[in-house]
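Coordinates from start.txt are shown below (compact mmCIF, C-alpha atoms).
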```txt
# COMPACT_ATOMS: atom_id res chain seq x y z
CA MET J 576 132.39 75.08 93.86
CA SER J 577 130.76 73.35 90.89
CA ASP J 578 128.96 70.08 90.45
CA THR J 579 130.53 67.07 88.74
CA GLY J 580 129.46 68.41 85.35
CA GLY J 581 131.50 71.56 85.88
CA ARG J 582 128.47 73.80 86.23
CA PRO J 583 128.73 76.57 88.82
CA ASN J 584 126.15 76.89 91.59
CA LEU J 585 123.59 79.59 90.76
CA VAL J 586 121.13 80.68 93.46
CA LEU J 587 118.04 82.55 92.20
CA ILE J 588 116.17 84.87 94.59
CA HIS J 589 112.60 85.68 93.58
CA GLY J 590 110.80 88.98 93.92
CA TRP J 591 107.68 90.05 95.78
CA GLY J 592 104.33 88.33 95.35
CA LEU J 593 105.06 85.80 92.60
CA GLY J 594 107.61 83.58 94.31
CA ASN J 595 109.68 81.06 92.38
CA ALA J 596 107.01 80.63 89.69
CA ALA J 597 108.55 83.56 87.81
CA TRP J 598 111.72 81.53 87.19
CA GLN J 599 109.93 78.52 85.69
CA PRO J 600 110.32 79.38 81.98
CA LEU J 601 114.06 79.94 82.49
CA LEU J 602 115.05 76.76 84.27
CA PRO J 603 115.70 74.55 81.22
CA VAL J 604 117.98 77.09 79.53
CA LEU J 605 119.80 77.98 82.76
CA ALA J 606 120.34 74.30 83.59
CA GLN J 607 122.55 74.04 80.50
CA ARG J 608 125.09 76.32 82.20
CA PHE J 609 124.44 76.15 85.94
CA ARG J 610 123.44 73.97 88.82
CA VAL J 611 120.35 76.03 89.57
CA GLN J 612 119.04 76.46 93.10
CA LEU J 613 116.05 78.54 94.19
CA PHE J 614 115.93 80.54 97.39
CA THR J 615 112.40 80.65 98.77
CA CYS J 616 111.65 83.64 100.98
CA PRO J 617 109.81 83.01 104.25
CA GLY J 618 106.10 82.36 103.80
CA TYR J 619 106.29 81.45 100.10
CA GLY J 620 105.49 77.97 98.93
CA MET J 621 103.51 77.30 102.09
CA PRO J 622 99.72 76.89 102.01
CA GLU J 623 98.06 79.71 103.91
CA HIS J 624 96.01 77.36 106.09
CA ARG J 625 99.27 75.96 107.48
CA MET J 626 100.70 79.30 108.51
CA ASP J 627 99.25 78.91 111.97
CA LYS J 628 100.84 75.48 112.41
CA GLN J 629 104.33 76.03 111.09
CA PRO J 630 106.59 79.07 111.45
CA PRO J 631 107.73 80.79 108.26
CA ASP J 632 111.05 79.50 107.01
CA ALA J 633 113.36 80.06 104.08
CA HIS J 634 114.72 77.30 101.91
CA ILE J 635 116.97 76.68 98.97
CA HIS J 636 115.46 74.25 96.47
CA GLU J 637 117.52 72.58 93.79
CA ALA J 638 115.88 72.83 90.38
CA HIS J 639 116.39 69.47 88.65
CA GLU J 640 113.77 69.95 85.98
CA GLN J 641 111.39 72.65 84.90
CA THR J 642 108.75 71.80 87.49
CA ALA J 643 110.58 69.52 89.92
CA PHE J 644 112.31 70.77 93.04
CA LYS J 645 114.20 68.97 95.75
CA PRO J 646 113.77 70.93 98.98
CA ALA J 647 116.76 71.47 101.22
CA HIS J 648 116.52 73.32 104.51
CA CYS J 649 118.92 76.08 105.42
CA ARG J 650 122.08 74.52 106.76
CA THR J 651 122.29 76.95 109.68
CA PRO J 652 118.98 78.38 110.88
CA ILE J 653 119.08 81.64 112.80
CA ASP J 654 118.77 81.10 116.52
CA GLY J 655 115.23 81.77 117.67
CA LEU J 656 113.58 81.83 114.27
CA SER J 657 112.57 78.18 114.33
CA SER J 658 110.70 78.73 117.59
CA ALA J 659 109.36 82.18 116.79
CA PRO J 660 105.59 82.71 116.90
CA SER J 661 104.08 81.67 113.58
CA ALA J 662 102.46 85.07 113.08
CA THR J 663 105.87 86.77 113.20
CA MET J 664 107.57 87.07 109.84
CA PRO J 665 111.36 87.29 109.81
CA SER J 666 112.60 90.79 109.08
CA PHE J 667 114.39 91.86 105.90
CA ILE J 668 117.75 91.61 107.72
CA GLN J 669 116.90 88.21 109.20
CA THR J 670 115.89 86.93 105.77
CA ALA J 671 119.16 88.16 104.27
CA GLN J 672 120.96 86.27 107.03
CA LEU J 673 118.94 83.15 106.23
CA LEU J 674 120.09 83.54 102.64
CA VAL J 675 123.72 83.85 103.71
CA ASN J 676 123.44 80.79 105.93
CA SER J 677 121.96 78.65 103.19
CA LEU J 678 124.29 79.59 100.31
CA PRO J 679 126.42 76.88 98.70
CA ASP J 680 130.17 77.44 98.93
CA ASN J 681 131.49 79.88 96.34
CA GLY J 682 128.02 80.33 94.88
CA ILE J 683 126.75 82.85 92.36
CA VAL J 684 123.79 84.85 93.65
CA CYS J 685 121.15 86.24 91.30
CA GLY J 686 118.34 88.39 92.66
CA TRP J 687 115.36 89.89 90.86
CA SER J 688 113.49 92.98 92.09
CA LEU J 689 113.03 92.59 95.86
CA GLY J 690 115.39 89.63 95.53
CA SER J 691 118.11 91.99 94.31
CA LEU J 692 117.72 94.04 97.50
CA LEU J 693 118.12 90.85 99.54
CA ALA J 694 121.16 89.90 97.46
CA LEU J 695 122.78 93.30 98.08
CA GLN J 696 122.06 93.08 101.81
CA ALA J 697 123.52 89.56 101.97
CA ALA J 698 126.59 90.67 99.99
CA SER J 699 127.23 93.51 102.43
CA MET J 700 126.91 91.11 105.39
CA ALA J 701 129.03 88.23 104.08
CA PRO J 702 130.90 89.08 100.85
CA GLN J 703 133.19 86.09 101.33
CA ARG J 704 130.23 83.72 100.79
CA ILE J 705 129.43 85.03 97.29
CA LYS J 706 131.61 84.53 94.22
CA LYS J 707 129.63 86.75 91.84
CA LEU J 708 126.45 88.83 91.88
CA ILE J 709 123.74 89.21 89.25
CA LEU J 710 121.11 91.86 89.94
CA ILE J 711 118.00 92.05 87.73
CA GLY J 712 115.68 95.05 87.86
CA ALA J 713 117.68 96.24 90.85
CA THR J 714 117.48 99.30 93.04
CA PRO J 715 119.11 100.23 96.36
CA SER J 716 115.79 101.71 97.53
CA PHE J 717 112.38 100.93 96.05
CA THR J 718 110.75 103.88 97.81
CA GLN J 719 111.38 107.55 97.08
CA ARG J 720 113.19 109.47 99.81
CA THR J 721 114.15 113.11 100.23
CA ASP J 722 117.53 112.41 98.60
CA TRP J 723 116.43 109.54 96.32
CA SER J 724 114.11 110.17 93.37
CA PRO J 725 114.43 107.22 90.89
CA ALA J 726 111.92 105.17 92.86
CA GLN J 727 108.23 104.74 93.69
CA PRO J 728 106.15 107.03 95.92
CA PRO J 729 105.09 105.49 99.23
CA ALA J 730 101.48 105.87 98.10
CA LEU J 731 101.96 103.00 95.64
CA LEU J 732 102.75 100.66 98.51
CA ASP J 733 99.71 101.92 100.40
CA THR J 734 97.56 101.15 97.36
CA PHE J 735 98.91 97.61 97.09
CA SER J 736 98.59 97.02 100.83
CA ASP J 737 94.90 97.92 100.65
CA ALA J 738 94.39 95.84 97.51
CA ILE J 739 96.13 92.76 98.96
CA THR J 740 93.89 92.92 102.01
CA GLN J 741 90.76 93.15 99.83
CA ASP J 742 91.61 90.73 97.00
CA ALA J 743 95.12 89.25 96.94
CA ALA J 744 94.80 87.40 93.63
CA GLY J 745 93.36 90.45 91.88
CA ALA J 746 96.07 92.68 93.33
CA LEU J 747 98.80 90.35 92.09
CA GLN J 748 97.29 90.35 88.60
CA ARG J 749 97.39 94.15 88.61
CA PHE J 750 100.98 93.98 89.83
CA ILE J 751 101.85 91.72 86.88
CA ALA J 752 100.37 94.29 84.51
CA LEU J 753 102.38 97.06 86.20
CA LEU J 754 105.72 95.27 86.07
CA ASN J 755 105.25 94.44 82.36
CA GLN J 756 104.16 97.93 81.35
CA GLY J 757 106.26 99.09 78.40
CA ASP J 758 107.62 95.63 77.54
CA THR J 759 107.52 94.59 73.89
CA GLN J 760 106.49 91.11 75.10
CA ALA J 761 104.07 92.42 77.73
CA ARG J 762 101.05 90.37 76.68
CA LEU J 763 102.94 87.09 76.40
CA ILE J 764 104.83 87.57 79.66
CA GLY J 765 101.66 88.72 81.43
CA ARG J 766 99.69 85.67 80.27
CA THR J 767 102.52 83.36 81.35
CA MET J 768 102.80 84.97 84.79
CA ILE J 769 99.05 84.94 85.40
CA LYS J 770 98.85 81.28 84.39
CA GLN J 771 101.63 80.48 86.86
CA LEU J 772 99.97 82.62 89.51
CA LEU J 773 96.63 80.84 89.15
CA ALA J 774 98.33 77.43 89.29
CA ALA J 775 100.32 78.21 92.43
CA GLN J 776 99.38 78.54 96.08
CA LEU J 777 99.25 82.25 96.88
CA PRO J 778 101.46 83.41 99.75
CA ALA J 779 99.60 84.33 102.91
CA THR J 780 98.36 87.91 103.10
CA THR J 781 100.67 88.47 106.08
CA THR J 782 103.63 87.35 103.96
CA MET J 783 102.79 89.75 101.13
CA LEU J 784 102.17 92.67 103.49
CA ALA J 785 105.52 91.99 105.20
CA GLY J 786 107.24 92.11 101.80
CA LEU J 787 105.64 95.47 101.05
CA GLY J 788 107.04 96.66 104.36
CA TRP J 789 110.51 95.54 103.26
CA LEU J 790 110.11 97.50 100.02
CA ARG J 791 109.03 100.55 102.00
CA ASP J 792 111.89 100.47 104.50
CA ALA J 793 114.91 98.84 102.84
CA ASP J 794 117.62 101.29 101.77
CA VAL J 795 121.06 99.79 101.14
CA ARG J 796 122.71 102.82 99.53
CA GLU J 797 125.22 103.29 102.35
CA GLN J 798 126.26 99.62 102.15
CA ILE J 799 127.13 99.58 98.43
CA ALA J 800 130.69 100.96 98.25
CA PRO J 801 132.47 98.08 100.09
CA ILE J 802 130.84 95.35 97.93
CA ALA J 803 133.75 94.44 95.63
CA ILE J 804 132.11 91.27 94.28
CA PRO J 805 132.04 91.15 90.45
CA THR J 806 128.48 92.23 89.66
CA LEU J 807 126.37 92.11 86.52
CA LEU J 808 123.38 94.46 86.48
CA ILE J 809 120.64 93.51 84.00
CA HIS J 810 117.87 96.04 83.50
CA GLY J 811 115.02 96.61 81.07
CA GLU J 812 115.20 99.97 79.31
CA ASN J 813 111.44 100.43 79.84
CA ASP J 814 111.31 99.33 83.50
CA GLN J 815 108.54 101.41 85.09
CA LEU J 816 108.77 99.74 88.51
CA MET J 817 112.50 100.10 89.17
CA PRO J 818 113.59 103.02 86.94
CA LEU J 819 116.77 102.56 84.93
CA PRO J 820 118.54 105.47 86.72
CA ALA J 821 118.48 103.34 89.90
CA ALA J 822 120.53 100.64 88.15
CA GLN J 823 122.81 103.29 86.65
CA TRP J 824 123.41 104.63 90.16
CA LEU J 825 124.32 101.12 91.35
CA ASN J 826 126.67 100.70 88.41
CA GLU J 827 128.47 103.91 89.36
CA LYS J 828 128.75 103.05 93.06
CA LEU J 829 129.60 99.33 93.00
CA PRO J 830 133.40 98.91 92.68
CA ASP J 831 133.30 96.04 90.15
CA SER J 832 130.10 96.15 88.12
CA ARG J 833 128.77 96.20 84.57
CA LEU J 834 125.29 97.29 83.44
CA GLU J 835 123.58 95.53 80.54
CA VAL J 836 120.35 97.14 79.37
CA PHE J 837 117.81 94.97 77.50
CA PRO J 838 116.08 97.09 74.83
CA GLY J 839 112.31 96.78 74.74
CA ALA J 840 112.18 95.04 78.13
CA ALA J 841 110.42 96.22 81.27
CA HIS J 842 110.87 94.79 84.78
CA ALA J 843 111.35 91.15 83.70
CA PRO J 844 114.13 91.28 81.07
CA PHE J 845 114.91 87.60 81.67
CA LEU J 846 111.46 86.73 80.32
CA ASN J 847 111.63 89.25 77.47
CA ASP J 848 114.72 87.52 76.05
CA PRO J 849 115.56 84.30 77.97
CA GLU J 850 118.33 83.17 75.60
CA ARG J 851 120.16 86.49 75.80
CA PHE J 852 119.72 86.49 79.58
CA ALA J 853 121.19 83.00 79.95
CA LYS J 854 124.13 83.87 77.68
CA SER J 855 124.76 87.17 79.49
CA ILE J 856 124.97 85.62 82.92
CA GLY J 857 126.86 82.61 81.54
CA ASP J 858 129.48 84.95 80.10
CA HIS J 859 129.63 86.88 83.37
CA CYS J 860 130.19 83.64 85.27
CA HIS J 861 132.33 81.98 82.55
CA ALA J 862 129.77 79.18 82.27
CA PRO J 863 129.43 77.94 78.68
CA ALA J 864 126.27 76.11 77.67
CA HIS J 865 126.33 72.28 77.81
CA HIS J 866 124.07 70.78 75.15
```

Have the structure of the file written as structure tokens, please.
Amino acid sequence: MSDTGGRPNLVLIHGWGLGNAAWQPLLPVLAQRFRVQLFTCPGYGMPEHRMDKQPPDAHIHEAHEQTAFKPAHCRTPIDGLSSAPSATMPSFIQTAQLLVNSLPDNGIVCGWSLGSLLALQAASMAPQRIKKLILIGATPSFTQRTDWSPAQPPALLDTFSDAITQDAAGALQRFIALLNQGDTQARLIGRTMIKQLLAAQLPATTTMLAGLGWLRDADVREQIAPIAIPTLLIHGENDQLMPLPAAQWLNEKLPDSRLEVFPGAAHAPFLNDPERFAKSIGDHCHAPAHH
């Protein structure tokens, strides 16, 4: 389903720690081709001092302008979540279900980093709700396992868990440096992300620790083969966080996929070359730019 201007619905799913702020520089160029909506994971976009008064929730926001969002609650909340204790974060699976429940009809789903894991989980649960998939900096398992090497050692997550507990803002700045390592635009992207980080309300520590737990435990490798949704994989050739072989593995296993590697980019290829990114996903979704 498209809006009256003929633009398809595009749902963006953010990654860990930074929330929807990472998408901000892209919204004007994406709005030329899509009706852009932002999925907000539970606990993001909510001031920490309110966490004890309001349970975590997940929302889709429509992006009208670069900095203006119109919030819209999930159309079908999961039973029990709305009355769950506020200290209890929804699980990875529950959050994927929240995503499924809140998707527009025939929507295009685009996930970045942890968001790509959520997108894959949602696609395996309800493929009929998703028209096309776009996975940026994707992996089926962030953490190394005995039979899975193109990933991060569990010790990295331990390091970030400790750092988040000690100094969340400082830890997120180090995370920004890590995800941009090897990018030809690393300084510019890093400055932009840190500026957005400082201007935004940080997620609660409990929210960030829960996300690290998702990255530690989520492994969707066995759920890949049945996902026949047309999928575009976009990956930076210098991605140190989610190694390129992980995306190459996904490209081999997904029945209908194509991998596009951005030269000189690290973990945020959409910020390394926003125009190419918008054109790539527009071509994938047959959405020409409207000027």

Point-to-point distance from CA of Gln696 (chain J) to CA of Leu673 (chain J), Å rounded to tenths: 11.3 Å

Quick one: pull the distance between CA of Arg749 (chain J) and CA of Arg766 (chain J), Å, one decimal.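 A separation of 12.1 Å between them.
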
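Interatomic distance, CA of Ala862 (chain J) against CA of Pro715 (chain J): 27.5 Å.
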
Protein and nucleic acid residues near (123.6, 93.1, 86.5) (cut-off 12 Å, all atoms listed in the file) as number ranges by chain: J: 684-688, 691, 694-695, 707-714, 804-811, 819, 821-823, 825-826, 829, 831-837, 844-845, 852, 855-856, 858-860

Find the residues around Gly592 (chain J) up to 8 Å (all atoms listed in the file counted), leave out those fewer than 3 positions away in its own chain, and share them as a compact mmCIF listing (two decimals) with C-alpha atoms, in the coordinates of the input.
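File written: out_35.txt
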```txt
# COMPACT_ATOMS: atom_id res chain seq x y z
CA LEU J 747 98.80 90.35 92.09
CA PRO J 778 101.46 83.41 99.75
CA MET J 783 102.79 89.75 101.13
```

For Leu772 (chain J), which of J:Gly581, J:Pro818, J:Pro603, J:Gly745 is the closest residue, counting all atoms listed in the file?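 For Leu772 (chain J), the nearest of the given residues is J:Gly745.
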
Nearest residue to Asp722 (chain J) from the set J:Gly690, J:Asp794, J:Met664, J:Thr740 (distances using all atoms listed in the file):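 Once distances to Asp722 (chain J) are computed over all atoms listed in the file, the minimum belongs to J:Asp794.
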
Can you pull out the residues contacting Ala841 (chain J)? Cut-off 9 Å, using only C-alpha atoms, and skip same-chain residues under 4 positions away; I want them as JSON, numbers by chain. {"J": [712, 754, 755, 756, 757, 758, 759, 760, 761, 810, 811, 812, 813, 814, 815, 816, 837, 847]}

Name the residues in contact with Phe750 (chain J) at a cut-off of 12 Å, using all atoms listed in the file, excluding same-chain residues fewer than 6 positions from it; report them as a ChimeraX atom specification. /J:590-593,731-732,734-736,738-739,743-744,756,765,768-769,772,815-816,842

Rank nothing, just name the residue among J:Gln672, J:Asn681, J:Ser716, J:Thr780 nearest to Asn584 (chain J), using all atoms listed in the file. J:Asn681

Option closest in space to Leu613 (chain J), from J:Gly594, J:Pro728, J:Pro838, J:Pro665 [counting all atoms listed in the file]: J:Gly594

Hey, what's within 10 Å of Val586 (chain J) if we count only C-alpha atoms and toss same-chain stuff fewer than 2 positions away? As an NGL selection string, please? :J and (583-584 or 588-589 or 609-614 or 635-638 or 674 or 677-679 or 682-686 or 708-709)

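Each of J:Arg791, J:Trp598, J:Ala840, J:Asp848 was checked against Gln771 (chain J) using all atoms listed in the file; the smallest atom-to-atom distance is that of J:Trp598.
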
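Restricting the calculation to only C-alpha atoms, the smallest distance between Thr767 (chain J) and any of J:Gln727, J:Thr718, J:Thr782, J:Gln599 is found for J:Gln599.
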
Produce region 710-727 of chain J of the given structure as output with N, CA and C atoms, as an mmCIF file, in the first residue's frame.
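Final output, saved to result-v9.cif:
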```cif
data_model
loop_
_atom_site.group_PDB
_atom_site.id
_atom_site.type_symbol
_atom_site.label_atom_id
_atom_site.label_comp_id
_atom_site.auth_asym_id
_atom_site.auth_seq_id
_atom_site.Cartn_x
_atom_site.Cartn_y
_atom_site.Cartn_z
ATOM 1 N N LEU J 710 18.286 -4.900 4.589
ATOM 2 C CA LEU J 710 19.074 -5.185 5.789
ATOM 3 C C LEU J 710 20.426 -4.495 5.662
ATOM 4 N N ILE J 711 20.720 -3.598 6.597
ATOM 5 C CA ILE J 711 21.949 -2.797 6.553
ATOM 6 C C ILE J 711 22.869 -3.251 7.685
ATOM 7 N N GLY J 712 24.127 -3.532 7.340
ATOM 8 C CA GLY J 712 25.059 -3.975 8.371
ATOM 9 C C GLY J 712 24.517 -5.172 9.128
ATOM 10 N N ALA J 713 24.004 -6.150 8.369
ATOM 11 C CA ALA J 713 23.243 -7.243 8.973
ATOM 12 C C ALA J 713 24.109 -8.441 9.321
ATOM 13 N N THR J 714 23.620 -9.197 10.265
ATOM 14 C CA THR J 714 24.214 -10.474 10.656
ATOM 15 C C THR J 714 23.112 -11.345 11.228
ATOM 16 N N PRO J 715 23.195 -12.678 11.071
ATOM 17 C CA PRO J 715 22.221 -13.540 11.738
ATOM 18 C C PRO J 715 22.555 -13.781 13.208
ATOM 19 N N SER J 716 23.810 -13.477 13.600
ATOM 20 C CA SER J 716 24.236 -13.651 14.989
ATOM 21 C C SER J 716 25.388 -12.690 15.265
ATOM 22 N N PHE J 717 25.170 -11.735 16.146
ATOM 23 C CA PHE J 717 26.209 -10.755 16.461
ATOM 24 C C PHE J 717 27.373 -11.397 17.205
ATOM 25 N N THR J 718 27.058 -12.413 18.006
ATOM 26 C CA THR J 718 28.056 -13.018 18.886
ATOM 27 C C THR J 718 28.651 -14.278 18.270
ATOM 28 N N GLN J 719 29.952 -14.453 18.433
ATOM 29 C CA GLN J 719 30.617 -15.670 17.976
ATOM 30 C C GLN J 719 30.061 -16.892 18.711
ATOM 31 N N ARG J 720 29.964 -17.990 17.961
ATOM 32 C CA ARG J 720 29.529 -19.261 18.540
ATOM 33 C C ARG J 720 30.460 -20.349 18.020
ATOM 34 N N THR J 721 30.341 -21.544 18.558
ATOM 35 C CA THR J 721 31.277 -22.596 18.174
ATOM 36 C C THR J 721 31.264 -22.854 16.672
ATOM 37 N N ASP J 722 30.112 -22.644 16.025
ATOM 38 C CA ASP J 722 30.013 -22.869 14.587
ATOM 39 C C ASP J 722 29.756 -21.570 13.823
ATOM 40 N N TRP J 723 30.130 -20.436 14.431
ATOM 41 C CA TRP J 723 29.868 -19.135 13.798
ATOM 42 C C TRP J 723 30.992 -18.165 14.168
ATOM 43 N N SER J 724 31.872 -17.894 13.198
ATOM 44 C CA SER J 724 33.054 -17.075 13.483
ATOM 45 C C SER J 724 32.981 -15.619 13.034
ATOM 46 N N PRO J 725 32.229 -15.243 11.958
ATOM 47 C CA PRO J 725 32.245 -13.840 11.520
ATOM 48 C C PRO J 725 31.384 -12.959 12.423
ATOM 49 N N ALA J 726 31.840 -12.782 13.652
ATOM 50 C CA ALA J 726 31.043 -12.108 14.671
ATOM 51 C C ALA J 726 31.963 -11.597 15.776
ATOM 52 N N GLN J 727 31.369 -11.054 16.832
ATOM 53 C CA GLN J 727 32.130 -10.472 17.928
ATOM 54 C C GLN J 727 32.240 -11.451 19.102
#
```
